[in-house]
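Asks: So here's my_file.pdb, just PDB, C-alpha atoms:
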MODEL        1
ATOM      1  CA  MET A 209    -209.817 182.036  39.907  1.00  0.00           C
ATOM      2  CA  MET A 210    -210.035 178.441  41.125  1.00  0.00           C
ATOM      3  CA  SER A 211    -209.423 174.913  39.928  1.00  0.00           C
ATOM      4  CA  HIS A 212    -212.901 174.732  38.454  1.00  0.00           C
ATOM      5  CA  VAL A 213    -213.224 178.388  37.538  1.00  0.00           C
ATOM      6  CA  ARG A 214    -210.699 179.405  34.899  1.00  0.00           C
ATOM      7  CA  SER A 215    -208.546 182.526  34.864  1.00  0.00           C
ATOM      8  CA  ILE A 216    -210.541 185.724  34.857  1.00  0.00           C
ATOM      9  CA  TYR A 217    -210.283 187.948  31.856  1.00  0.00           C
ATOM     10  CA  LEU A 218    -212.009 191.037  30.528  1.00  0.00           C
ATOM     11  CA  ILE A 219    -213.787 190.820  27.207  1.00  0.00           C
ATOM     12  CA  SER A 220    -212.910 193.966  25.273  1.00  0.00           C
ATOM     13  CA  VAL A 221    -215.882 195.370  23.447  1.00  0.00           C
ATOM     14  CA  VAL A 222    -215.105 197.980  20.807  1.00  0.00           C
ATOM     15  CA  TRP A 223    -218.050 197.663  18.424  1.00  0.00           C
ATOM     16  CA  ILE A 224    -219.548 200.371  16.266  1.00  0.00           C
ATOM     17  CA  ALA A 225    -223.233 200.443  17.159  1.00  0.00           C
ATOM     18  CA  ALA A 226    -225.480 199.339  14.325  1.00  0.00           C
ATOM     19  CA  ASN A 227    -228.829 200.942  13.551  1.00  0.00           C
ATOM     20  CA  GLY A 228    -229.062 202.467  17.017  1.00  0.00           C
ATOM     21  CA  CYS A 229    -229.736 199.070  18.642  1.00  0.00           C
ATOM     22  CA  ALA A 230    -228.318 197.780  21.899  1.00  0.00           C
ATOM     23  CA  ILE A 231    -226.108 194.767  21.188  1.00  0.00           C
ATOM     24  CA  HIS A 232    -224.689 192.476  23.872  1.00  0.00           C
ATOM     25  CA  ASN A 233    -221.975 189.857  23.683  1.00  0.00           C
ATOM     26  CA  ILE A 234    -222.224 187.270  26.485  1.00  0.00           C
ATOM     27  CA  LYS A 235    -219.731 184.449  27.036  1.00  0.00           C
ATOM     28  CA  TYR A 236    -220.510 181.588  29.418  1.00  0.00           C
ATOM     29  CA  ILE A 237    -217.845 179.089  30.528  1.00  0.00           C
ATOM     30  CA  PRO A 238    -219.183 175.980  32.318  1.00  0.00           C
ATOM     31  CA  VAL A 239    -217.110 174.543  35.161  1.00  0.00           C
ATOM     32  CA  VAL A 240    -219.132 171.350  35.658  1.00  0.00           C
ATOM     33  CA  LYS A 241    -219.300 168.510  33.163  1.00  0.00           C
ATOM     34  CA  PHE A 242    -222.914 167.658  33.943  1.00  0.00           C
ATOM     35  CA  SER A 243    -225.790 168.952  31.833  1.00  0.00           C
ATOM     36  CA  VAL A 244    -227.865 171.457  33.763  1.00  0.00           C
ATOM     37  CA  ASP A 245    -231.528 172.157  33.043  1.00  0.00           C
ATOM     38  CA  PRO A 246    -232.496 175.813  32.484  1.00  0.00           C
ATOM     39  CA  THR A 247    -234.083 177.767  35.297  1.00  0.00           C
ATOM     40  CA  LYS A 248    -236.930 180.255  35.050  1.00  0.00           C
ATOM     41  CA  GLN A 249    -234.854 183.206  36.180  1.00  0.00           C
ATOM     42  CA  ALA A 250    -231.421 184.064  37.563  1.00  0.00           C
ATOM     43  CA  GLN A 251    -230.899 186.784  40.142  1.00  0.00           C
ATOM     44  CA  THR A 252    -227.811 188.946  40.627  1.00  0.00           C
ATOM     45  CA  VAL A 253    -225.895 189.921  43.741  1.00  0.00           C
ATOM     46  CA  ARG A 254    -222.816 192.112  44.012  1.00  0.00           C
ATOM     47  CA  GLY A 255    -219.709 190.775  45.675  1.00  0.00           C
ATOM     48  CA  ARG A 256    -215.966 190.106  45.567  1.00  0.00           C
ATOM     49  CA  ILE A 257    -213.891 187.073  44.645  1.00  0.00           C
ATOM     50  CA  ASP A 258    -210.305 188.159  45.321  1.00  0.00           C
ATOM     51  CA  GLN A 259    -209.827 186.428  48.686  1.00  0.00           C
ATOM     52  CA  ALA A 260    -211.717 183.317  47.606  1.00  0.00           C
ATOM     53  CA  SER A 261    -209.660 183.170  44.429  1.00  0.00           C
ATOM     54  CA  LYS A 262    -206.387 183.159  46.389  1.00  0.00           C
ATOM     55  CA  ILE A 263    -207.544 180.299  48.594  1.00  0.00           C
ATOM     56  CA  LEU A 264    -208.853 178.256  45.674  1.00  0.00           C
ATOM     57  CA  ASN A 265    -205.573 178.688  43.833  1.00  0.00           C
ATOM     58  CA  GLN A 266    -203.718 177.479  46.929  1.00  0.00           C
ATOM     59  CA  ALA A 267    -205.888 174.350  46.908  1.00  0.00           C
ATOM     60  CA  GLU A 268    -204.336 173.266  43.609  1.00  0.00           C
ATOM     61  CA  LEU A 269    -200.734 173.264  44.838  1.00  0.00           C
ATOM     62  CA  PRO A 270    -199.245 169.752  44.496  1.00  0.00           C
ATOM     63  CA  HIS A 271    -198.173 169.361  48.147  1.00  0.00           C
ATOM     64  CA  ASN A 272    -201.782 169.325  49.411  1.00  0.00           C
ATOM     65  CA  THR A 273    -203.289 166.071  50.628  1.00  0.00           C
ATOM     66  CA  VAL A 274    -206.758 165.081  49.459  1.00  0.00           C
ATOM     67  CA  ARG A 275    -208.285 166.426  52.652  1.00  0.00           C
ATOM     68  CA  GLU A 276    -206.238 169.629  52.606  1.00  0.00           C
ATOM     69  CA  ARG A 277    -207.262 170.291  49.014  1.00  0.00           C
ATOM     70  CA  PHE A 278    -210.921 169.666  49.854  1.00  0.00           C
ATOM     71  CA  ASN A 279    -210.783 171.894  52.938  1.00  0.00           C
ATOM     72  CA  LEU A 280    -209.210 174.765  50.999  1.00  0.00           C
ATOM     73  CA  ARG A 281    -211.755 174.455  48.199  1.00  0.00           C
ATOM     74  CA  SER A 282    -214.552 174.372  50.766  1.00  0.00           C
ATOM     75  CA  GLN A 283    -213.160 177.468  52.474  1.00  0.00           C
ATOM     76  CA  GLY A 284    -212.937 179.358  49.185  1.00  0.00           C
ATOM     77  CA  LEU A 285    -216.402 178.339  48.032  1.00  0.00           C
ATOM     78  CA  LYS A 286    -217.865 179.261  51.427  1.00  0.00           C
ATOM     79  CA  LEU A 287    -216.416 182.754  51.017  1.00  0.00           C
ATOM     80  CA  LEU A 288    -218.239 183.020  47.695  1.00  0.00           C
ATOM     81  CA  SER A 289    -221.560 181.498  48.739  1.00  0.00           C
ATOM     82  CA  SER A 290    -221.654 183.485  51.997  1.00  0.00           C
ATOM     83  CA  GLN A 291    -222.156 186.586  49.857  1.00  0.00           C
ATOM     84  CA  ILE A 292    -225.332 184.983  48.538  1.00  0.00           C
ATOM     85  CA  GLY A 293    -226.536 184.214  52.061  1.00  0.00           C
ATOM     86  CA  SER A 294    -226.455 180.415  52.052  1.00  0.00           C
ATOM     87  CA  GLU A 295    -223.936 177.562  51.830  1.00  0.00           C
ATOM     88  CA  ASP A 296    -226.387 175.574  49.733  1.00  0.00           C
ATOM     89  CA  TYR A 297    -225.033 176.836  46.403  1.00  0.00           C
ATOM     90  CA  VAL A 298    -222.350 175.444  44.102  1.00  0.00           C
ATOM     91  CA  VAL A 299    -220.470 177.139  41.270  1.00  0.00           C
ATOM     92  CA  ILE A 300    -221.439 175.874  37.813  1.00  0.00           C
ATOM     93  CA  GLY A 301    -219.856 178.479  35.546  1.00  0.00           C
ATOM     94  CA  GLU A 302    -218.313 181.838  34.801  1.00  0.00           C
ATOM     95  CA  ILE A 303    -219.974 184.544  32.737  1.00  0.00           C
ATOM     96  CA  TYR A 304    -218.571 187.597  30.984  1.00  0.00           C
ATOM     97  CA  GLY A 305    -220.370 190.250  28.988  1.00  0.00           C
ATOM     98  CA  GLY A 306    -219.974 193.461  27.077  1.00  0.00           C
ATOM     99  CA  GLY A 307    -222.225 195.827  25.171  1.00  0.00           C
ATOM    100  CA  ASN A 308    -222.031 198.300  22.328  1.00  0.00           C
ATOM    101  CA  GLY A 309    -222.492 202.062  22.524  1.00  0.00           C
ATOM    102  CA  TYR A 310    -226.284 201.846  22.730  1.00  0.00           C
ATOM    103  CA  SER A 311    -226.339 199.373  25.624  1.00  0.00           C
ATOM    104  CA  THR A 312    -226.121 200.146  29.346  1.00  0.00           C
ATOM    105  CA  LEU A 313    -225.085 198.317  32.481  1.00  0.00           C
ATOM    106  CA  ALA A 314    -228.774 197.692  33.174  1.00  0.00           C
ATOM    107  CA  THR A 315    -229.470 196.107  29.779  1.00  0.00           C
ATOM    108  CA  LEU A 316    -226.239 194.103  30.001  1.00  0.00           C
ATOM    109  CA  GLU A 317    -227.160 192.755  33.434  1.00  0.00           C
ATOM    110  CA  THR A 318    -230.550 191.671  32.102  1.00  0.00           C
ATOM    111  CA  GLU A 319    -228.921 189.751  29.242  1.00  0.00           C
ATOM    112  CA  MET A 320    -226.359 188.203  31.601  1.00  0.00           C
ATOM    113  CA  CYS A 321    -229.188 186.870  33.776  1.00  0.00           C
ATOM    114  CA  LYS A 322    -231.015 185.458  30.759  1.00  0.00           C
ATOM    115  CA  LYS A 323    -227.874 183.652  29.637  1.00  0.00           C
ATOM    116  CA  ALA A 324    -227.177 182.308  33.126  1.00  0.00           C
ATOM    117  CA  SER A 325    -230.725 180.991  33.533  1.00  0.00           C
ATOM    118  CA  ARG A 326    -230.535 179.221  30.170  1.00  0.00           C
ATOM    119  CA  LYS A 327    -227.411 177.485  31.482  1.00  0.00           C
ATOM    120  CA  GLY A 328    -229.163 176.427  34.695  1.00  0.00           C
ATOM    121  CA  GLY A 329    -227.960 179.172  37.023  1.00  0.00           C
ATOM    122  CA  ASP A 330    -229.974 180.552  39.912  1.00  0.00           C
ATOM    123  CA  VAL A 331    -227.665 183.369  41.001  1.00  0.00           C
ATOM    124  CA  VAL A 332    -224.961 185.445  39.318  1.00  0.00           C
ATOM    125  CA  LEU A 333    -222.381 186.945  41.654  1.00  0.00           C
ATOM    126  CA  ILE A 334    -221.271 190.118  39.855  1.00  0.00           C
ATOM    127  CA  TYR A 335    -217.753 190.927  41.008  1.00  0.00           C
ATOM    128  CA  ASP A 336    -216.668 193.460  38.393  1.00  0.00           C
ATOM    129  CA  SER A 337    -218.519 195.874  36.135  1.00  0.00           C
ATOM    130  CA  GLY A 338    -217.999 199.256  34.583  1.00  0.00           C
ATOM    131  CA  VAL A 339    -218.041 201.344  31.438  1.00  0.00           C
ATOM    132  CA  GLN A 340    -215.198 201.745  28.977  1.00  0.00           C
ATOM    133  CA  GLU A 341    -215.053 205.032  27.090  1.00  0.00           C
ATOM    134  CA  GLN A 342    -213.801 205.494  23.549  1.00  0.00           C
ATOM    135  CA  ALA A 343    -213.685 208.779  21.678  1.00  0.00           C
ATOM    136  CA  TYR A 344    -214.874 208.848  18.079  1.00  0.00           C
ATOM    137  CA  SER A 345    -214.722 211.356  15.250  1.00  0.00           C
ATOM    138  CA  TYR A 346    -215.740 211.176  11.614  1.00  0.00           C
ATOM    139  CA  THR A 347    -216.182 213.655   8.780  1.00  0.00           C
ATOM    140  CA  THR A 348    -218.761 213.461   6.024  1.00  0.00           C
ATOM    141  CA  PRO A 349    -217.497 214.191   2.500  1.00  0.00           C
ATOM    142  CA  ALA A 350    -218.448 217.412   0.738  1.00  0.00           C
ATOM    143  CA  SER A 351    -220.830 217.006  -2.215  1.00  0.00           C
ATOM    144  CA  ALA A 352    -222.323 218.944  -5.108  1.00  0.00           C
ATOM    145  CA  THR A 353    -225.668 218.227  -6.777  1.00  0.00           C
ATOM    146  CA  THR A 354    -226.742 219.854 -10.042  1.00  0.00           C
ATOM    147  CA  ASN A 355    -230.363 219.939 -11.207  1.00  0.00           C
ATOM    148  CA  VAL A 356    -231.045 220.851 -14.855  1.00  0.00           C
ATOM    149  CA  SER A 357    -234.412 221.860 -16.273  1.00  0.00           C
ATOM    150  CA  GLY A 358    -235.420 223.118 -19.712  1.00  0.00           C
ATOM    151  CA  TRP A 359    -237.228 222.399 -22.957  1.00  0.00           C
ATOM    152  CA  ALA A 360    -236.359 221.471 -26.547  1.00  0.00           C
ATOM    153  CA  SER A 361    -238.193 221.465 -29.851  1.00  0.00           C
ATOM    154  CA  GLY A 362    -237.257 220.508 -33.388  1.00  0.00           C
ATOM    155  CA  SER A 363    -238.469 220.663 -36.963  1.00  0.00           C
ATOM    156  CA  ALA A 364    -236.886 219.040 -39.990  1.00  0.00           C
ATOM    157  CA  ASN A 365    -233.123 219.418 -39.487  1.00  0.00           C
ATOM    158  CA  TYR A 366    -233.394 222.086 -36.792  1.00  0.00           C
ATOM    159  CA  VAL A 367    -233.479 221.661 -32.990  1.00  0.00           C
ATOM    160  CA  TYR A 368    -233.725 224.531 -30.587  1.00  0.00           C
ATOM    161  CA  GLY A 369    -234.495 224.943 -26.919  1.00  0.00           C
ATOM    162  CA  GLN A 370    -233.429 226.352 -23.562  1.00  0.00           C
ATOM    163  CA  ALA A 371    -232.032 224.880 -20.345  1.00  0.00           C
ATOM    164  CA  THR A 372    -230.972 226.146 -16.941  1.00  0.00           C
ATOM    165  CA  GLY A 373    -229.022 224.428 -14.191  1.00  0.00           C
ATOM    166  CA  THR A 374    -228.799 224.884 -10.418  1.00  0.00           C
ATOM    167  CA  THR A 375    -225.938 223.468  -8.377  1.00  0.00           C
ATOM    168  CA  THR A 376    -226.261 222.868  -4.627  1.00  0.00           C
ATOM    169  CA  TYR A 377    -223.066 222.503  -2.600  1.00  0.00           C
ATOM    170  CA  THR A 378    -223.049 220.574   0.733  1.00  0.00           C
ATOM    171  CA  PRO A 379    -219.900 221.189   2.775  1.00  0.00           C
ATOM    172  CA  SER A 380    -218.249 218.422   4.825  1.00  0.00           C
ATOM    173  CA  LYS A 381    -219.255 218.134   8.464  1.00  0.00           C
ATOM    174  CA  THR A 382    -217.377 216.628  11.420  1.00  0.00           C
ATOM    175  CA  TYR A 383    -219.076 214.708  14.215  1.00  0.00           C
ATOM    176  CA  SER A 384    -217.331 213.679  17.427  1.00  0.00           C
ATOM    177  CA  GLY A 385    -218.197 212.333  20.845  1.00  0.00           C
ATOM    178  CA  ILE A 386    -217.607 209.430  23.205  1.00  0.00           C
ATOM    179  CA  TRP A 387    -218.969 205.902  22.921  1.00  0.00           C
ATOM    180  CA  ARG A 388    -219.538 204.157  26.254  1.00  0.00           C
ATOM    181  CA  PHE A 389    -219.252 200.369  26.328  1.00  0.00           C
ATOM    182  CA  PRO A 390    -220.462 198.534  29.463  1.00  0.00           C
ATOM    183  CA  TYR A 391    -218.773 195.336  30.663  1.00  0.00           C
ATOM    184  CA  MET A 392    -219.545 192.842  33.430  1.00  0.00           C
ATOM    185  CA  LYS A 393    -218.016 189.707  34.960  1.00  0.00           C
ATOM    186  CA  GLY A 394    -219.623 187.153  37.240  1.00  0.00           C
ATOM    187  CA  VAL A 395    -219.724 183.672  38.748  1.00  0.00           C
ATOM    188  CA  VAL A 396    -222.841 181.533  38.227  1.00  0.00           C
ATOM    189  CA  PHE A 397    -224.292 179.501  41.111  1.00  0.00           C
ATOM    190  CA  LYS A 398    -226.783 176.644  41.228  1.00  0.00           C
ATOM    191  CA  TYR A 399    -228.933 175.986  44.292  1.00  0.00           C
ATOM    192  CA  TRP A 400    -228.257 172.599  45.919  1.00  0.00           C
ATOM    193  CA  PRO A 401    -230.593 172.010  48.881  1.00  0.00           C
ATOM    194  CA  GLY A 402    -228.648 170.717  51.867  1.00  0.00           C
ATOM    195  CA  TYR A 403    -225.228 171.084  50.252  1.00  0.00           C
ATOM    196  CA  GLY A 404    -223.704 172.786  53.289  1.00  0.00           C
ATOM    197  CA  ALA A 405    -224.769 169.951  55.584  1.00  0.00           C
ATOM    198  CA  LEU A 406    -223.609 167.366  53.051  1.00  0.00           C
ATOM    199  CA  ARG A 407    -220.165 168.949  52.924  1.00  0.00           C
ATOM    200  CA  ALA A 408    -219.975 168.873  56.728  1.00  0.00           C
ATOM    201  CA  LYS A 409    -220.802 165.142  56.679  1.00  0.00           C
ATOM    202  CA  ALA A 410    -217.986 164.470  54.240  1.00  0.00           C
ATOM    203  CA  ILE A 411    -215.488 166.425  56.338  1.00  0.00           C
ATOM    204  CA  SER A 412    -216.460 164.393  59.434  1.00  0.00           C
ATOM    205  CA  LEU A 413    -215.280 161.128  57.828  1.00  0.00           C
ATOM    206  CA  ASP A 414    -211.914 159.631  58.747  1.00  0.00           C
ATOM    207  CA  ASP A 415    -209.158 159.896  56.137  1.00  0.00           C
ATOM    208  CA  SER A 416    -209.634 156.469  54.551  1.00  0.00           C
ATOM    209  CA  HIS A 417    -213.401 156.862  54.110  1.00  0.00           C
ATOM    210  CA  PHE A 418    -212.989 160.472  53.094  1.00  0.00           C
ATOM    211  CA  GLU A 419    -210.507 159.718  50.308  1.00  0.00           C
ATOM    212  CA  ARG A 420    -212.716 156.915  48.994  1.00  0.00           C
ATOM    213  CA  VAL A 421    -215.682 159.299  48.861  1.00  0.00           C
ATOM    214  CA  ILE A 422    -213.676 161.876  46.921  1.00  0.00           C
ATOM    215  CA  GLU A 423    -212.541 159.226  44.430  1.00  0.00           C
ATOM    216  CA  GLU A 424    -216.093 158.009  43.857  1.00  0.00           C
ATOM    217  CA  ILE A 425    -217.394 161.537  43.385  1.00  0.00           C
ATOM    218  CA  ALA A 426    -214.574 162.390  40.955  1.00  0.00           C
ATOM    219  CA  ALA A 427    -215.424 159.266  38.926  1.00  0.00           C
ATOM    220  CA  LEU A 428    -218.916 160.650  38.300  1.00  0.00           C
ATOM    221  CA  GLU A 429    -217.423 163.286  35.986  1.00  0.00           C
ATOM    222  CA  ASN A 430    -216.665 160.553  33.473  1.00  0.00           C
ATOM    223  CA  GLU A 431    -220.330 159.595  33.248  1.00  0.00           C
ATOM    224  CA  LYS A 432    -222.913 161.397  31.161  1.00  0.00           C
ATOM    225  CA  LEU A 433    -225.161 162.609  33.937  1.00  0.00           C
ATOM    226  CA  THR A 434    -227.497 165.489  34.455  1.00  0.00           C
ATOM    227  CA  PHE A 435    -226.735 167.814  37.324  1.00  0.00           C
ATOM    228  CA  ASP A 436    -229.709 166.493  39.288  1.00  0.00           C
ATOM    229  CA  ASP A 437    -228.660 162.860  38.773  1.00  0.00           C
ATOM    230  CA  ALA A 438    -225.103 163.678  39.836  1.00  0.00           C
ATOM    231  CA  ARG A 439    -226.383 165.511  42.896  1.00  0.00           C
ATOM    232  CA  LEU A 440    -228.411 162.469  44.010  1.00  0.00           C
ATOM    233  CA  GLN A 441    -225.466 160.134  43.495  1.00  0.00           C
ATOM    234  CA  VAL A 442    -223.124 162.393  45.475  1.00  0.00           C
ATOM    235  CA  GLU A 443    -225.606 162.480  48.342  1.00  0.00           C
ATOM    236  CA  GLN A 444    -225.910 158.662  48.275  1.00  0.00           C
ATOM    237  CA  ILE A 445    -222.121 158.219  48.252  1.00  0.00           C
ATOM    238  CA  VAL A 446    -221.619 160.488  51.266  1.00  0.00           C
ATOM    239  CA  ASP A 447    -224.589 159.106  53.237  1.00  0.00           C
ATOM    240  CA  HIS A 448    -223.489 155.516  52.571  1.00  0.00           C
ATOM    241  CA  SER A 449    -219.980 156.254  53.847  1.00  0.00           C
ATOM    242  CA  VAL A 450    -221.317 157.990  56.956  1.00  0.00           C
ATOM    243  CA  SER A 451    -223.604 155.048  57.748  1.00  0.00           C
ATOM    244  CA  LYS A 452    -220.666 152.600  57.528  1.00  0.00           C
ATOM    245  CA  ARG A 453    -218.477 154.446  60.032  1.00  0.00           C
TER     246      ARG A 453
ENDMDL
END
Have the structure of the file written as structure tokens, please.
Replies:
Amino acid sequence: MMSHVRSIYLISVVWIAANGCAIHNIKYIPVVKFSVDPTKQAQTVRGRIDQASKILNQAELPHNTVRERFNLRSQGLKLLSSQIGSEDYVVIGEIYGGGNGYSTLATLETEMCKKASRKGGDVVLIYDSGVQEQAYSYTTPASATTNVSGWASGSANYVYGQATGTTTYTPSKTYSGIWRFPYMKGVVFKYWPGYGALRAKAISLDDSHFERVIEEIAALENEKLTFDDARLQVEQIVDHSVSKR
């Protein structure tokens, strides 16, 4: 979808439900290298990513200057975050999920939010969801059970008795229906207070200062930082460059 958000794909879920329990398979793909502390809860919003995805893909074309690439990325990310209602969010990952025949879109969404919060997300922008249908049919085998009852007695070299048997036949039976498997895809956001204003500060720099800021921020990815530590360093880098103008 974007330079930091990998190509979108649909996880196919074709499980046979076990023991009548709802089972969910959730895959999270981080797009930041920094470790992010879990949050208490992640919320979901519904939205679209098609237009933002096109712009973010354009940002990665080799002819773009540093500023052009940054502006295109900012434009694409603003299209995404505007659906949340604030520019103070950044993308930290992608999330994909599917469920078995006993799960629903509601239970899948709940598990997606739990996964996102464990990864540090505050909001999941759900851009695609639905239910896949798969017909099933199976036939039980026929069976026969025989019960025997009786008595026997013996004396010396003689044995005598009586027995009777009853056989019960169970014919085969065919069951058929449709399994429904929910699926869901989303982008995970982390709240960054003041990020929109910080981005505007960076854009206001002249080209030489701007390129230096981008280089310094990119270098942070090689350090083992937490998200919060990286956020503070980015803010210091931008503010320091603005003060030196």
Asks: What does the distance between CA of Ile292 in chain A and CA of Tyr399 in chain A come to in Å, to one decimal place?
Replies: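 If I compute the distance from CA of Ile292 in chain A to CA of Tyr399 in chain A, I get 10.6 Å.
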Asks: Determine the nearest neighbour of Val332 in chain A from the options A:Arg275, A:Ile422, A:Phe397, A:Tyr297, counting all atoms listed in the file.
Replies: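 Answer, going by the shortest atom-to-atom distance: A:Phe397.
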Asks: Since I can't run it myself right now, could you work out what the PyMOL selection byres ((chain A and resi 378) around 6) selects here and report it as a PyMOL selection string?
Replies: chain A and resi 350-351+377+379
Asks: Using the chain letters and residue numbers of this document, give as an MDAnalysis selection string the residues selected by the PyMOL selection byres ((chain A and resi 374) around 12).
Replies: chainID A and resid 352:358 371:373 375:377
Asks: Write to file, as a PDB file, keeping the file's coordinate frame, the residues of the selection just made, with C-alpha atoms.
Replies:
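Contents of result_4.pdb, freshly written:
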ATOM      1  CA  ALA A 352    -222.323 218.944  -5.108  1.00  0.00           C
ATOM      2  CA  THR A 353    -225.668 218.227  -6.777  1.00  0.00           C
ATOM      3  CA  THR A 354    -226.742 219.854 -10.042  1.00  0.00           C
ATOM      4  CA  ASN A 355    -230.363 219.939 -11.207  1.00  0.00           C
ATOM      5  CA  VAL A 356    -231.045 220.851 -14.855  1.00  0.00           C
ATOM      6  CA  SER A 357    -234.412 221.860 -16.273  1.00  0.00           C
ATOM      7  CA  GLY A 358    -235.420 223.118 -19.712  1.00  0.00           C
ATOM      8  CA  ALA A 371    -232.032 224.880 -20.345  1.00  0.00           C
ATOM      9  CA  THR A 372    -230.972 226.146 -16.941  1.00  0.00           C
ATOM     10  CA  GLY A 373    -229.022 224.428 -14.191  1.00  0.00           C
ATOM     11  CA  THR A 375    -225.938 223.468  -8.377  1.00  0.00           C
ATOM     12  CA  THR A 376    -226.261 222.868  -4.627  1.00  0.00           C
ATOM     13  CA  TYR A 377    -223.066 222.503  -2.600  1.00  0.00           C
TER      14      TYR A 377
END
Asks: Name the residues in contact with range 424-437 of chain A at a cut-off of 7 Å, using only C-alpha atoms, excluding same-chain residues fewer than 4 positions from it; report them as a list in words.
Replies: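 With the cut-off at 7 Å, the set is Lys241, Phe242, Ser243, Val244, Arg420, Gln441 and Val442 of chain A.
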Asks: List, as a count of residues only, every residue that the PyMOL selection byres ((chain A and resi 267) around 9) selects in the file provided.
Replies: 18
Asks: State, in Å with one decimal place, the distance from CA of Asp330 in chain A to CA of Gly301 in chain A.
Replies: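 If I compute the distance from CA of Asp330 in chain A to CA of Gly301 in chain A, I get 11.2 Å.
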Asks: As an exercise, work out the distance from CA of Gly338 in chain A to CA of Tyr391 in chain A in Å and give it to one decimal place.
Replies: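 About the pair CA of Gly338 in chain A and CA of Tyr391 in chain A: they are 5.6 Å apart.
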Asks: Compare A:Gln259, A:Gln283, A:Ser451, A:Gln340 by their minimum atom-to-atom distance to Trp387 in chain A, counting all atoms listed in the file, and give me the closest one.
Replies: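 Ranking A:Gln259, A:Gln283, A:Ser451, A:Gln340 by distance to Trp387 in chain A, first place goes to A:Gln340.
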Asks: Every residue with an atom at most 9 Å from (-218.9, 160.6, 55.2) (file coordinates; only C-alpha atoms) is what I'm after, so could you write them as a list in words?
Replies: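 Here is the list of nearby residues: Leu406, Arg407, Ala408, Lys409, Ala410, Ile411, Ser412, Leu413, Asp414, His417, Phe418, Val421, Ile445, Val446, Asp447, His448, Ser449, Val450, Ser451, Lys452 and Arg453 of chain A.
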Asks: Using all atoms listed in the file, can you tell me which of A:His271, A:Lys381, A:Lys323, A:Lys398 comes closest to His232 in chain A?
Replies: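 With all atoms listed in the file as the atom set, the closest residue is A:Lys323.
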Asks: Could you give me the centre and size, in Å to one decimal, of an axis-aligned box around all listed atoms of range 410-423 of chain A with 8 Å added on every side, as AutoDock Vina command-line options?
Replies:
--center_x -213.6 --center_y 161.4 --center_z 51.9 --size_x 24.8 --size_y 26.0 --size_z 31.0
Asks: Skipping near chain neighbours, those fewer than 5 positions away, what residues fall within 6 Å of Phe389 in chain A using all atoms listed in the file, listed as a PyMOL selection string?
Replies: chain A and resi 307-309+339-340
Asks: Quick one: residues within 7 Å of (-229.5, 177.3, 34.7) (file frame), counting all atoms listed in the file, please, as a PDB file with C-alpha atoms, in the frame of the given file.
Replies:
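The new file part_34.pdb reads:
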ATOM      1  CA  VAL A 244    -227.865 171.457  33.763  1.00  0.00           C
ATOM      2  CA  ASP A 245    -231.528 172.157  33.043  1.00  0.00           C
ATOM      3  CA  PRO A 246    -232.496 175.813  32.484  1.00  0.00           C
ATOM      4  CA  THR A 247    -234.083 177.767  35.297  1.00  0.00           C
ATOM      5  CA  ALA A 324    -227.177 182.308  33.126  1.00  0.00           C
ATOM      6  CA  SER A 325    -230.725 180.991  33.533  1.00  0.00           C
ATOM      7  CA  ARG A 326    -230.535 179.221  30.170  1.00  0.00           C
ATOM      8  CA  LYS A 327    -227.411 177.485  31.482  1.00  0.00           C
ATOM      9  CA  GLY A 328    -229.163 176.427  34.695  1.00  0.00           C
ATOM     10  CA  GLY A 329    -227.960 179.172  37.023  1.00  0.00           C
ATOM     11  CA  ASP A 330    -229.974 180.552  39.912  1.00  0.00           C
TER      12      ASP A 330
END
Asks: Restricting the calculation to all atoms listed in the file: of A:Ser311, A:Gly305, A:Asp296, A:Thr382, which residue gets closest to Ala405 in chain A?
Replies: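 So, comparing all the options, the nearest one is A:Asp296.
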